[in-house]
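Pasting work39.cif here (mmCIF, C-alpha atoms):
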```
data_my_file
#
loop_
_atom_site.label_atom_id
_atom_site.label_comp_id
_atom_site.auth_asym_id
_atom_site.auth_seq_id
_atom_site.Cartn_x
_atom_site.Cartn_y
_atom_site.Cartn_z
CA MET A 1 -18.27 -61.90 -4.48
CA LEU A 2 -15.35 -63.78 -6.04
CA ASN A 3 -12.33 -61.66 -6.90
CA ILE A 4 -9.73 -63.43 -8.99
CA GLN A 5 -6.95 -61.59 -7.14
CA ASP A 6 -8.10 -63.20 -3.90
CA LEU A 7 -8.07 -66.78 -5.20
CA GLU A 8 -5.18 -69.14 -4.55
CA VAL A 9 -4.11 -72.32 -6.27
CA GLY A 10 -4.77 -75.22 -3.92
CA SER A 11 -7.75 -73.59 -2.20
CA GLN A 12 -10.51 -76.07 -1.45
CA LEU A 13 -14.07 -75.65 -2.69
CA PRO A 14 -16.92 -76.38 -0.26
CA GLN A 15 -17.70 -80.06 0.18
CA ARG A 16 -21.21 -81.50 0.28
CA GLU A 17 -22.66 -84.88 1.20
CA TYR A 18 -25.30 -86.69 -0.83
CA THR A 19 -27.20 -89.76 0.32
CA ALA A 20 -29.45 -90.94 -2.50
CA SER A 21 -32.70 -92.66 -1.57
CA ASN A 22 -35.17 -94.80 -3.51
CA VAL A 23 -37.33 -91.70 -3.79
CA SER A 24 -34.56 -89.39 -5.01
CA LEU A 25 -33.39 -91.93 -7.60
CA PHE A 26 -36.96 -92.47 -8.77
CA LEU A 27 -37.43 -88.73 -9.21
CA TYR A 28 -34.09 -88.29 -10.98
CA ASN A 29 -34.72 -91.12 -13.42
CA ALA A 30 -38.25 -89.88 -14.06
CA ALA A 31 -36.93 -86.36 -14.69
CA VAL A 32 -34.37 -87.56 -17.26
CA TRP A 33 -36.72 -90.29 -18.57
CA ASN A 34 -34.32 -93.14 -17.84
CA PRO A 35 -36.14 -96.48 -17.48
CA HIS A 36 -33.00 -98.58 -16.80
CA ARG A 37 -33.98 -101.06 -14.07
CA ILE A 38 -30.61 -100.95 -12.28
CA HIS A 39 -31.76 -97.65 -10.77
CA TYR A 40 -35.01 -98.84 -9.14
CA ASP A 41 -35.47 -102.64 -9.28
CA GLU A 42 -33.23 -104.16 -6.60
CA ARG A 43 -34.00 -107.79 -7.35
CA TYR A 44 -33.32 -107.37 -11.07
CA THR A 45 -30.18 -105.34 -10.37
CA THR A 46 -28.63 -107.86 -7.99
CA GLU A 47 -29.85 -111.14 -9.53
CA ILE A 48 -29.64 -110.38 -13.26
CA GLU A 49 -27.01 -107.66 -13.57
CA ALA A 50 -25.01 -108.88 -10.56
CA HIS A 51 -24.58 -105.49 -8.90
CA PRO A 52 -24.41 -105.44 -5.08
CA GLY A 53 -27.35 -102.99 -4.96
CA ILE A 54 -29.32 -100.31 -6.77
CA VAL A 55 -26.92 -98.25 -8.88
CA ILE A 56 -26.67 -94.48 -8.29
CA ASP A 57 -26.78 -92.97 -11.78
CA GLY A 58 -23.42 -91.86 -13.16
CA PRO A 59 -24.87 -88.66 -14.69
CA LEU A 60 -26.51 -87.82 -11.34
CA GLN A 61 -23.05 -87.94 -9.78
CA GLY A 62 -21.94 -85.81 -12.73
CA ASP A 63 -24.56 -83.24 -11.78
CA TRP A 64 -23.45 -83.25 -8.13
CA LEU A 65 -19.89 -82.73 -9.35
CA CYS A 66 -20.97 -79.86 -11.60
CA GLN A 67 -22.69 -78.25 -8.61
CA VAL A 68 -19.36 -78.04 -6.80
CA ALA A 69 -18.21 -75.56 -9.46
CA LEU A 70 -21.57 -73.85 -10.02
CA ASN A 71 -22.38 -73.29 -6.35
CA TRP A 72 -18.90 -71.95 -5.63
CA LEU A 73 -19.14 -69.64 -8.64
CA GLY A 74 -22.71 -68.41 -8.02
CA ASP A 75 -23.44 -65.44 -10.26
CA ASP A 76 -19.79 -64.33 -10.29
CA GLY A 77 -18.91 -65.91 -13.63
CA ILE A 78 -19.68 -68.64 -16.11
CA LEU A 79 -18.84 -72.30 -16.48
CA SER A 80 -17.00 -72.85 -19.79
CA THR A 81 -16.13 -76.54 -19.70
CA PHE A 82 -16.97 -79.45 -17.42
CA ASN A 83 -15.72 -83.06 -17.63
CA TYR A 84 -16.06 -86.16 -15.50
CA THR A 85 -15.44 -89.89 -15.65
CA ASN A 86 -17.50 -92.50 -13.81
CA ARG A 87 -14.58 -94.59 -12.59
CA ARG A 88 -16.37 -96.80 -10.08
CA ALA A 89 -20.06 -97.50 -9.42
CA ALA A 90 -21.86 -96.30 -6.30
CA TYR A 91 -24.86 -97.99 -4.71
CA LEU A 92 -27.96 -96.99 -2.79
CA GLY A 93 -27.09 -96.60 0.88
CA GLU A 94 -23.72 -95.01 0.26
CA THR A 95 -23.08 -91.42 1.26
CA LEU A 96 -21.01 -89.65 -1.36
CA ILE A 97 -18.98 -86.50 -0.82
CA SER A 98 -18.43 -83.89 -3.52
CA GLY A 99 -15.65 -81.34 -3.49
CA GLY A 100 -12.81 -79.78 -5.40
CA ARG A 101 -9.91 -77.37 -5.44
CA ILE A 102 -8.40 -74.62 -7.56
CA VAL A 103 -5.59 -75.95 -9.75
CA ALA A 104 -4.79 -72.95 -12.00
CA ILE A 105 -5.59 -69.25 -12.17
CA ASN A 106 -5.08 -67.04 -15.23
CA GLU A 107 -5.58 -63.41 -14.25
CA ASN A 108 -5.27 -62.28 -17.90
CA THR A 109 -8.18 -64.38 -19.14
CA GLN A 110 -9.99 -64.47 -15.77
CA GLU A 111 -10.10 -68.26 -16.12
CA VAL A 112 -9.87 -70.60 -13.15
CA ASP A 113 -9.31 -74.34 -13.56
CA LEU A 114 -10.91 -76.60 -10.97
CA GLU A 115 -10.28 -80.21 -10.07
CA LEU A 116 -13.43 -81.91 -8.82
CA PHE A 117 -14.20 -85.18 -7.10
CA ILE A 118 -16.92 -87.44 -5.79
CA LYS A 119 -15.56 -89.68 -3.03
CA ASN A 120 -17.22 -92.60 -1.33
CA GLU A 121 -17.22 -93.11 2.44
CA ALA A 122 -13.95 -95.05 2.21
CA GLY A 123 -12.34 -91.93 0.75
CA ASN A 124 -11.91 -93.35 -2.77
CA VAL A 125 -12.48 -90.95 -5.64
CA ILE A 126 -15.15 -92.71 -7.70
CA THR A 127 -15.97 -89.85 -10.08
CA PRO A 128 -13.11 -87.46 -10.84
CA GLY A 129 -13.77 -84.37 -12.92
CA SER A 130 -12.60 -80.92 -13.89
CA ALA A 131 -14.07 -77.60 -14.87
CA CYS A 132 -12.95 -74.27 -16.27
CA VAL A 133 -14.80 -71.19 -15.11
CA THR A 134 -14.43 -67.59 -16.20
CA ILE A 135 -14.81 -65.03 -13.43
CA ALA A 136 -16.81 -61.97 -14.52
CA SER A 137 -14.49 -59.07 -15.32
CA SER A 138 -16.77 -56.76 -13.33
CA ASN A 139 -15.50 -58.68 -10.32
CA LEU A 140 -12.00 -57.27 -10.80
CA ARG A 141 -11.22 -54.94 -7.94
CA GLY A 142 -11.29 -51.43 -9.29
CA ALA A 143 -13.41 -52.38 -12.31
CA GLY A 144 -16.33 -50.08 -12.92
CA MET B 145 -10.61 -112.16 -28.92
CA THR B 146 -12.34 -109.19 -30.42
CA LEU B 147 -16.07 -108.68 -29.93
CA LEU B 148 -16.49 -105.82 -32.35
CA THR B 149 -17.05 -106.59 -36.01
CA LYS B 150 -16.67 -104.43 -39.10
CA GLU B 151 -20.41 -103.78 -38.88
CA HIS B 152 -20.04 -102.35 -35.37
CA LYS B 153 -17.11 -100.19 -36.42
CA ALA B 154 -19.08 -98.97 -39.45
CA TRP B 155 -21.26 -96.99 -37.03
CA ILE B 156 -18.35 -94.69 -36.29
CA GLY B 157 -19.02 -91.37 -38.00
CA THR B 158 -22.76 -91.90 -38.41
CA THR B 159 -24.96 -88.95 -37.51
CA GLU B 160 -28.57 -89.25 -36.38
CA GLU B 161 -31.38 -87.03 -37.57
CA PRO B 162 -31.44 -83.80 -35.53
CA VAL B 163 -33.99 -83.77 -32.71
CA THR B 164 -35.83 -80.59 -31.74
CA ILE B 165 -37.15 -80.13 -28.21
CA GLU B 166 -38.75 -77.29 -26.29
CA VAL B 167 -37.52 -76.62 -22.76
CA SER B 168 -40.22 -76.15 -20.14
CA ARG B 169 -39.83 -74.43 -16.79
CA ARG B 170 -41.59 -77.33 -15.08
CA ASP B 171 -39.12 -79.87 -16.50
CA ILE B 172 -36.23 -77.76 -15.20
CA GLN B 173 -37.92 -77.52 -11.79
CA LYS B 174 -38.36 -81.30 -11.63
CA TYR B 175 -34.75 -81.84 -12.59
CA ALA B 176 -33.56 -79.26 -10.07
CA ALA B 177 -35.54 -80.87 -7.25
CA ALA B 178 -34.32 -84.38 -8.10
CA THR B 179 -30.66 -83.28 -8.24
CA GLU B 180 -30.83 -81.24 -4.99
CA GLN B 181 -29.94 -77.93 -6.58
CA VAL B 182 -29.50 -75.03 -4.14
CA GLN B 183 -29.46 -71.99 -6.43
CA SER B 184 -32.83 -70.28 -6.87
CA LYS B 185 -32.36 -69.80 -10.62
CA TYR B 186 -32.40 -73.59 -11.00
CA ILE B 187 -35.03 -74.33 -8.32
CA ASN B 188 -37.39 -71.76 -9.86
CA GLY B 189 -36.68 -73.07 -13.36
CA ASP B 190 -35.29 -69.76 -14.67
CA GLU B 191 -32.22 -71.59 -15.99
CA ALA B 192 -31.36 -75.26 -16.49
CA PRO B 193 -28.33 -76.78 -14.75
CA PRO B 194 -25.85 -77.90 -17.44
CA MET B 195 -26.40 -81.65 -16.81
CA PHE B 196 -30.13 -81.13 -17.56
CA ILE B 197 -29.19 -82.07 -21.12
CA PHE B 198 -28.58 -85.72 -20.13
CA ASN B 199 -30.98 -87.86 -22.19
CA LEU B 200 -32.79 -84.72 -23.37
CA PHE B 201 -32.50 -85.61 -27.05
CA SER B 202 -32.95 -89.38 -26.76
CA ALA B 203 -35.94 -91.01 -28.41
CA ILE B 204 -38.92 -91.77 -26.14
CA PRO B 205 -39.77 -95.38 -27.07
CA THR B 206 -43.19 -96.90 -26.50
CA LEU B 207 -43.29 -99.41 -23.65
CA LYS B 208 -43.31 -102.28 -26.17
CA ASN B 209 -40.02 -101.00 -27.50
CA LEU B 210 -38.18 -101.30 -24.18
CA ARG B 211 -35.95 -104.30 -23.44
CA PRO B 212 -36.37 -106.32 -20.23
CA ASP B 213 -33.64 -104.14 -18.65
CA GLY B 214 -35.71 -101.03 -19.40
CA LEU B 215 -33.45 -99.64 -22.12
CA ALA B 216 -34.63 -99.03 -25.68
CA ARG B 217 -34.67 -101.95 -28.10
CA GLY B 218 -32.87 -102.00 -31.39
CA GLY B 219 -29.95 -100.09 -32.78
CA GLY B 220 -31.72 -96.83 -33.43
CA SER B 221 -29.08 -94.86 -31.59
CA GLY B 222 -26.07 -97.08 -32.15
CA PRO B 223 -24.80 -100.53 -32.99
CA LYS B 224 -26.41 -103.63 -31.50
CA LEU B 225 -23.61 -104.69 -29.19
CA PRO B 226 -22.75 -108.23 -28.08
CA LEU B 227 -22.56 -107.00 -24.46
CA LYS B 228 -25.87 -105.83 -22.99
CA ARG B 229 -25.23 -104.44 -19.52
CA ILE B 230 -24.90 -100.71 -19.98
CA MET B 231 -23.25 -98.24 -17.59
CA ALA B 232 -22.55 -94.52 -17.86
CA GLY B 233 -18.90 -93.77 -18.50
CA GLY B 234 -18.57 -90.01 -18.32
CA THR B 235 -19.18 -86.74 -20.08
CA LYS B 236 -17.33 -83.73 -21.44
CA LEU B 237 -19.29 -80.49 -21.83
CA ARG B 238 -18.41 -77.24 -23.57
CA LEU B 239 -20.93 -74.55 -22.74
CA HIS B 240 -21.70 -71.53 -24.91
CA ARG B 241 -24.87 -70.18 -23.36
CA SER B 242 -27.32 -71.12 -20.64
CA ILE B 243 -30.54 -73.03 -21.31
CA ARG B 244 -33.77 -71.30 -20.29
CA PRO B 245 -37.47 -72.14 -20.35
CA GLY B 246 -39.05 -71.65 -23.76
CA ASP B 247 -35.79 -72.36 -25.59
CA VAL B 248 -36.24 -74.46 -28.70
CA LEU B 249 -33.10 -76.57 -28.98
CA VAL B 250 -31.81 -78.76 -31.78
CA GLY B 251 -29.62 -81.71 -30.78
CA THR B 252 -27.60 -83.71 -33.29
CA ARG B 253 -25.87 -86.89 -32.15
CA LYS B 254 -22.95 -88.55 -33.87
CA ILE B 255 -21.14 -91.75 -32.93
CA VAL B 256 -17.49 -90.78 -32.82
CA ASN B 257 -15.95 -94.02 -31.55
CA VAL B 258 -16.73 -97.63 -30.66
CA TYR B 259 -13.88 -99.58 -29.08
CA GLU B 260 -13.27 -102.37 -26.61
CA LYS B 261 -10.96 -102.91 -23.65
CA GLN B 262 -10.32 -105.75 -21.28
CA GLY B 263 -11.61 -104.81 -17.82
CA SER B 264 -10.86 -106.55 -14.54
CA THR B 265 -14.15 -108.48 -14.76
CA GLY B 266 -14.19 -109.10 -18.52
CA PRO B 267 -14.45 -107.28 -21.82
CA LEU B 268 -15.91 -103.77 -22.02
CA ILE B 269 -17.21 -101.96 -25.08
CA PHE B 270 -17.11 -98.16 -25.09
CA THR B 271 -19.45 -96.15 -27.31
CA VAL B 272 -18.60 -92.47 -27.58
CA ARG B 273 -21.28 -90.07 -28.82
CA GLU B 274 -20.95 -86.40 -29.60
CA LEU B 275 -24.03 -84.23 -29.12
CA THR B 276 -24.14 -80.77 -30.65
CA ILE B 277 -26.87 -78.51 -29.28
CA THR B 278 -27.88 -75.27 -30.97
CA THR B 279 -30.89 -73.00 -30.90
CA ALA B 280 -33.36 -73.21 -33.80
CA ASP B 281 -31.38 -70.26 -35.26
CA SER B 282 -28.14 -72.31 -35.15
CA GLU B 283 -26.70 -70.36 -32.22
CA PRO B 284 -24.28 -72.71 -30.37
CA VAL B 285 -25.56 -73.76 -26.95
CA MET B 286 -23.47 -76.73 -25.84
CA GLU B 287 -21.37 -79.64 -27.06
CA GLU B 288 -21.28 -82.89 -25.18
CA ILE B 289 -19.10 -85.96 -25.59
CA GLN B 290 -20.62 -88.86 -23.71
CA THR B 291 -19.25 -92.35 -23.17
CA SER B 292 -21.40 -95.37 -22.39
CA ILE B 293 -19.89 -98.70 -21.38
CA ALA B 294 -21.34 -102.13 -22.17
CA ARG B 295 -20.11 -105.07 -20.10
#
```

For this file, produce the structure as structure tokens.
Amino acid sequence: MLNIQDLEVGSQLPQREYTASNVSLFLYNAAVWNPHRIHYDERYTTEIEAHPGIVIDGPLQGDWLCQVALNWLGDDGILSTFNYTNRRAAYLGETLISGGRIVAINENTQEVDLELFIKNEAGNVITPGSACVTIASSNLRGAG
Amino acid sequence: MTLLTKEHKAWIGTTEEPVTIEVSRRDIQKYAAATEQVQSKYINGDEAPPMFIFNLFSAIPTLKNLRPDGLARGGGSGPKLPLKRIMAGGTKLRLHRSIRPGDVLVGTRKIVNVYEKQGSTGPLIFTVRELTITTADSEPVMEEIQTSIAR
């Protein structure tokens, strides 16, 4: 259980690796009903749109980023805001790493600000983001 | 050189007709599997992950109404831009309540900005859309600001 008194600015959130496959990208794009060929047609993507490979969806990376906050939080609070920017494209075959850290804690409002990132294997942040979560007040030590 | 005309800029401030959708457990489960969720509430479809809303209120065109790149033809959801290669740019979400199976949601999209920038490989056009999601009873659910980039 998360207790806001136990949290520290600068603490790292658990990191996770994602390696998208043709199958996972097919299923994601089917689930969100996205027929854009850059996510499944390699020849079209490289020859017509001049990408080096199949493009890993920006919103899929957004979801992986959101999971950094949600999976750390569990049922100990709620996500209030979540933002990200797709700064650089990622391509099939790359392994991406999600993670984050605590950047601010407000014990009065129970709010915790998080900085989030998706990095590529070279260590470049390709999708930076942020989130604000509110820790449940029942998680205060001594709260009934 | 500017690529955007007065006609493109005139789209700023336009609001689309609200779209009503019903959330199904199975759709949440599919989304959860495809995005590698680990929490049982998402895997079982009891609650939708926040990014489930991506594309949720977009029109579903017939196959004849898709362009060769797979995207929808026409300017139904925005100006017809002189640059055609579209990329996601990012999202801002403000969440008011979770989305659960059986929810009937109303999404209203508005174009809040269309602007261009010079990128390292050429011009880029940014289209910024605001999506307001409520329940059928007008209870706030989520607001999203989404940017798409044409290059």

Exercise for the section: Starting from the shown file, work through the PyMOL selection byres ((chain B and resi 217) around 12) and note down what comes out as a list in words. Expected result: His36 of chain A; Ala203, Ile204, Pro205, Thr206, Leu207, Lys208, Asn209, Leu210, Arg211, Pro212, Asp213, Gly214, Leu215, Ala216, Gly218, Gly219, Gly220, Ser221, Gly222, Pro223, Lys224, Leu225 and Lys228 of chain B

Problem - Distance filter 8 Å, all atoms listed in the file, chain A against chain B, as a PyMOL selection string - result: chain A and resi 24-25+27-28+31-38+49+57-60+62-64+66-67+71+74+79-87

Exercise for the section: Choose the residue, out of B:Gly251, B:Pro226, B:Pro162, B:Gly157, that has the smallest atom-to-atom separation from Leu268 of chain B; count all atoms listed in the file. Expected result: B:Pro226

Exercise for the section: Name the residues within 6 Å of (-11.0, -85.5, -10.8), counting all atoms listed in the file in the file's coordinates, and put them as a count of residues only. Expected result: 6

Practice task
Let me know the residues the PyMOL selection byres ((chain A and resi 109-113) around 8) catches in the file above, as a PyMOL selection string.
Solution key: chain A and resi 4+102-108+114-115+130-137

Practice task
Would you list the contacts of Val248 of chain B as a list in words, taking every protein, DNA or RNA residue within 9 Å and counting only C-alpha atoms, but skipping same-chain residues closer than 2 positions in sequence?
Solution key: Thr164, Ile165, Glu166, Val167, Pro245, Gly246, Val250, Thr278, Thr279 and Ala280 of chain B

Writing out the chosen residues with C-alpha atoms as a PDB file, in the coordinates of the input:
```pdb
ATOM      1  CA  THR B 164     -35.830 -80.590 -31.740  1.00  0.00           C
ATOM      2  CA  ILE B 165     -37.150 -80.130 -28.210  1.00  0.00           C
ATOM      3  CA  GLU B 166     -38.750 -77.290 -26.290  1.00  0.00           C
ATOM      4  CA  VAL B 167     -37.520 -76.620 -22.760  1.00  0.00           C
ATOM      5  CA  PRO B 245     -37.470 -72.140 -20.350  1.00  0.00           C
ATOM      6  CA  GLY B 246     -39.050 -71.650 -23.760  1.00  0.00           C
ATOM      7  CA  VAL B 250     -31.810 -78.760 -31.780  1.00  0.00           C
ATOM      8  CA  THR B 278     -27.880 -75.270 -30.970  1.00  0.00           C
ATOM      9  CA  THR B 279     -30.890 -73.000 -30.900  1.00  0.00           C
ATOM     10  CA  ALA B 280     -33.360 -73.210 -33.800  1.00  0.00           C
TER      11      ALA B 280
END
```

Practice task
Enter the distance from atom CA of Gly77 of chain A to atom CA of Glu274 of chain B, in Å, rounded to one decimal.
Solution key: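 Result for atom CA of Gly77 of chain A versus atom CA of Glu274 of chain B: 26.1 Å, one decimal.
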
Handout entry: Two-atom distance - atom CA of Glu121 of chain A, atom CA of Glu47 of chain A (Å)
Key = 25.1 Å

Problem - Distance in Å - atom CA of Gly263 of chain B versus atom CA of Thr127 of chain A - result: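 Value for the atom CA of Gly263 of chain B-atom CA of Thr127 of chain A distance: 17.4 Å.
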
Could you complete segment 106-123 of chain A so that it carries N, CA and C atoms, and give it back as a tab-separated table (two decimals), in the frame of the given file?
```tsv
chain	number	residue	atom	x	y	z
A	106	ASN	N	-5.66	-67.91	-14.19
A	106	ASN	CA	-5.08	-67.04	-15.23
A	106	ASN	C	-5.73	-65.67	-15.10
A	107	GLU	N	-4.99	-64.74	-14.51
A	107	GLU	CA	-5.58	-63.41	-14.25
A	107	GLU	C	-5.83	-62.65	-15.55
A	108	ASN	N	-5.08	-62.99	-16.63
A	108	ASN	CA	-5.27	-62.28	-17.90
A	108	ASN	C	-6.61	-62.64	-18.53
A	109	THR	N	-6.93	-63.94	-18.50
A	109	THR	CA	-8.18	-64.38	-19.14
A	109	THR	C	-9.32	-64.50	-18.13
A	110	GLN	N	-9.00	-64.33	-16.86
A	110	GLN	CA	-9.99	-64.47	-15.77
A	110	GLN	C	-10.46	-65.91	-15.62
A	111	GLU	N	-9.69	-66.86	-16.18
A	111	GLU	CA	-10.10	-68.26	-16.12
A	111	GLU	C	-9.51	-68.95	-14.89
A	112	VAL	N	-10.31	-69.81	-14.30
A	112	VAL	CA	-9.87	-70.60	-13.15
A	112	VAL	C	-10.16	-72.07	-13.45
A	113	ASP	N	-9.13	-72.90	-13.35
A	113	ASP	CA	-9.31	-74.34	-13.56
A	113	ASP	C	-9.55	-75.01	-12.21
A	114	LEU	N	-10.53	-75.90	-12.19
A	114	LEU	CA	-10.91	-76.60	-10.97
A	114	LEU	C	-10.75	-78.10	-11.16
A	115	GLU	N	-10.28	-78.75	-10.12
A	115	GLU	CA	-10.28	-80.21	-10.07
A	115	GLU	C	-11.42	-80.61	-9.13
A	116	LEU	N	-12.22	-81.56	-9.57
A	116	LEU	CA	-13.43	-81.91	-8.82
A	116	LEU	C	-13.43	-83.40	-8.48
A	117	PHE	N	-14.14	-83.75	-7.43
A	117	PHE	CA	-14.20	-85.18	-7.10
A	117	PHE	C	-15.53	-85.53	-6.44
A	118	ILE	N	-15.93	-86.79	-6.65
A	118	ILE	CA	-16.92	-87.44	-5.79
A	118	ILE	C	-16.18	-88.59	-5.12
A	119	LYS	N	-16.20	-88.60	-3.79
A	119	LYS	CA	-15.56	-89.68	-3.03
A	119	LYS	C	-16.64	-90.52	-2.37
A	120	ASN	N	-16.32	-91.78	-2.14
A	120	ASN	CA	-17.22	-92.60	-1.33
A	120	ASN	C	-16.78	-92.53	0.15
A	121	GLU	N	-17.51	-93.22	1.00
A	121	GLU	CA	-17.22	-93.11	2.44
A	121	GLU	C	-15.83	-93.63	2.80
A	122	ALA	N	-15.30	-94.53	1.96
A	122	ALA	CA	-13.95	-95.05	2.21
A	122	ALA	C	-12.88	-94.05	1.78
A	123	GLY	N	-13.30	-92.95	1.16
A	123	GLY	CA	-12.34	-91.93	0.75
A	123	GLY	C	-11.80	-92.14	-0.66
```
